[in-house]
Amino acid sequence: MSAARAEGPGDAPDAGSAEAALAGGGDEASEQILAGVGERLRGLRKERGMTLAALSTSTGISVSTLSRLESGLRRPTLELLLPLARAHRVALDELVGTRPVADPRVRAEPIVRHQRRMYPLSRHPGGVQAYRMIIEGGSREPDPRTHEGYEWMYVLHGRLRLVLGEHDLILEPGEAAEFDTRVPHWFGLLDEKPVELLVLFGPQGERMHVRARPRRKKAD
């Protein structure tokens, strides 16, 4: 029977409370946690469309051991679950089922920049970030900028002016726009009435529109 491959430094998924459950020494709570591991392993493998043979090649664990783990005939150990967690691209706690379900509601405080209030609708750092934005004022003189990434916006209330390259557009409520942000772009108020919209920013767009300070005005 083949053993699991050795883990390199920094390779292991987050062990957290899973390691404690695996080292529980047969107590009732630990046994209840581990009881569903085989079913989760089988579900993840089938979801990814992998055969036992393919998973064996990926993890270095024999097909017979994998089969016994999935059927509950083999007690899962940290040495076996670490390569499986990596192969399935999930955290070890998620694989063992010890991670509590967090409150899904996002309750972040609004960010105020340049007479724009931005309410974060996502809370995981990195990647695409969602915001509800209310533009209440600020300059209506276009100041197009560029950065890496892609942006999407949907107008909820009011009328939004979007300058994109040579286009000067007006977005009405219910209209959406998406564009490559390497094209010079700017968006803001069309008139004195506020605009409310939903926006999706990549990391570069978030730094530009949410975190960046306003440009200093050039001296005459």
# chains A, B, ... in the order shown; residues from 1 in each chain; ligands from 1
>>> closest_atom_pairs(of="range 85-170 of chain A", to="range 176-197 of chain A", cutoff="10 Å", atoms="only C-alpha atoms", output="JSON lines")
{"residue": "A:Arg116", "atom": "CA", "partner": "A:Gly188", "partner_atom": "CA", "distance": 9.5}
{"residue": "A:Arg117", "atom": "CA", "partner": "A:Glu196", "partner_atom": "CA", "distance": 9.4}
{"residue": "A:Met118", "atom": "CA", "partner": "A:Leu197", "partner_atom": "CA", "distance": 9.7}
{"residue": "A:Tyr131", "atom": "CA", "partner": "A:Leu197", "partner_atom": "CA", "distance": 8.4}
{"residue": "A:Arg132", "atom": "CA", "partner": "A:Leu197", "partner_atom": "CA", "distance": 5.9}
{"residue": "A:Met133", "atom": "CA", "partner": "A:Leu197", "partner_atom": "CA", "distance": 5.3}
{"residue": "A:Ile134", "atom": "CA", "partner": "A:Glu196", "partner_atom": "CA", "distance": 4.4}
{"residue": "A:Ile135", "atom": "CA", "partner": "A:Val195", "partner_atom": "CA", "distance": 5.2}
{"residue": "A:Glu136", "atom": "CA", "partner": "A:Pro194", "partner_atom": "CA", "distance": 4.6}
{"residue": "A:Gly137", "atom": "CA", "partner": "A:Leu189", "partner_atom": "CA", "distance": 7.0}
{"residue": "A:Gly138", "atom": "CA", "partner": "A:Gly188", "partner_atom": "CA", "distance": 7.9}
{"residue": "A:Ser139", "atom": "CA", "partner": "A:Gly188", "partner_atom": "CA", "distance": 7.9}
{"residue": "A:Arg140", "atom": "CA", "partner": "A:Leu189", "partner_atom": "CA", "distance": 6.1}
{"residue": "A:Glu141", "atom": "CA", "partner": "A:Gly188", "partner_atom": "CA", "distance": 8.7}
{"residue": "A:Pro142", "atom": "CA", "partner": "A:Trp186", "partner_atom": "CA", "distance": 6.0}
{"residue": "A:Asp143", "atom": "CA", "partner": "A:Trp186", "partner_atom": "CA", "distance": 6.0}
{"residue": "A:Pro144", "atom": "CA", "partner": "A:His185", "partner_atom": "CA", "distance": 4.5}
{"residue": "A:Arg145", "atom": "CA", "partner": "A:Pro184", "partner_atom": "CA", "distance": 4.9}
{"residue": "A:Thr146", "atom": "CA", "partner": "A:Pro184", "partner_atom": "CA", "distance": 4.9}
{"residue": "A:His147", "atom": "CA", "partner": "A:Arg182", "partner_atom": "CA", "distance": 5.2}
{"residue": "A:Glu148", "atom": "CA", "partner": "A:Arg182", "partner_atom": "CA", "distance": 5.6}
{"residue": "A:Gly149", "atom": "CA", "partner": "A:Thr181", "partner_atom": "CA", "distance": 5.5}
{"residue": "A:Tyr150", "atom": "CA", "partner": "A:Asp180", "partner_atom": "CA", "distance": 4.6}
{"residue": "A:Glu151", "atom": "CA", "partner": "A:Glu178", "partner_atom": "CA", "distance": 5.5}
{"residue": "A:Trp152", "atom": "CA", "partner": "A:Glu178", "partner_atom": "CA", "distance": 4.2}
{"residue": "A:Met153", "atom": "CA", "partner": "A:Ala177", "partner_atom": "CA", "distance": 5.4}
{"residue": "A:Tyr154", "atom": "CA", "partner": "A:Ala176", "partner_atom": "CA", "distance": 4.2}
{"residue": "A:Val155", "atom": "CA", "partner": "A:Leu197", "partner_atom": "CA", "distance": 4.3}
{"residue": "A:Leu156", "atom": "CA", "partner": "A:Leu197", "partner_atom": "CA", "distance": 5.0}
{"residue": "A:His157", "atom": "CA", "partner": "A:Glu196", "partner_atom": "CA", "distance": 5.0}
{"residue": "A:Gly158", "atom": "CA", "partner": "A:Val195", "partner_atom": "CA", "distance": 4.4}
{"residue": "A:Arg159", "atom": "CA", "partner": "A:Val195", "partner_atom": "CA", "distance": 6.0}
{"residue": "A:Leu160", "atom": "CA", "partner": "A:Leu189", "partner_atom": "CA", "distance": 5.5}
{"residue": "A:Arg161", "atom": "CA", "partner": "A:Leu190", "partner_atom": "CA", "distance": 5.1}
{"residue": "A:Leu162", "atom": "CA", "partner": "A:Phe187", "partner_atom": "CA", "distance": 4.4}
{"residue": "A:Val163", "atom": "CA", "partner": "A:Trp186", "partner_atom": "CA", "distance": 5.1}
{"residue": "A:Leu164", "atom": "CA", "partner": "A:His185", "partner_atom": "CA", "distance": 4.4}
{"residue": "A:Gly165", "atom": "CA", "partner": "A:Pro184", "partner_atom": "CA", "distance": 5.4}
{"residue": "A:Glu166", "atom": "CA", "partner": "A:Pro184", "partner_atom": "CA", "distance": 8.9}
{"residue": "A:His167", "atom": "CA", "partner": "A:His185", "partner_atom": "CA", "distance": 9.3}
{"residue": "A:Asp168", "atom": "CA", "partner": "A:Trp186", "partner_atom": "CA", "distance": 9.6}
{"residue": "A:Leu169", "atom": "CA", "partner": "A:Phe187", "partner_atom": "CA", "distance": 9.3}
{"residue": "A:Ile170", "atom": "CA", "partner": "A:Leu190", "partner_atom": "CA", "distance": 7.6}
>>> select_by_dssp(residues="range 16-173 of chain A", states="alpha helix (DSSP H)", output="PyMOL selection string")
chain A and resi 16-22+28-35+37-47+52-59+63-71+78-88+92-96
>>> atom_distance(atom1="CA of Arg48 in chain A", atom2="CA of Asp103 in chain A")
27.5 Å
>>> select_by_dssp(residues="range 121-193 of chain A", states="strand (DSSP E or B)", output="VMD selection string")
chain A and resid 129 to 135 145 150 to 157 160 to 164 167 to 171 176 to 180 185 to 189
>>> atom_distance(atom1="CA of Met50 in chain A", atom2="CA of Val96 in chain A")
19.5 Å
>>> atom_distance(atom1="CA of Gly202 in chain A", atom2="CA of Ala130 in chain A")
9.0 Å
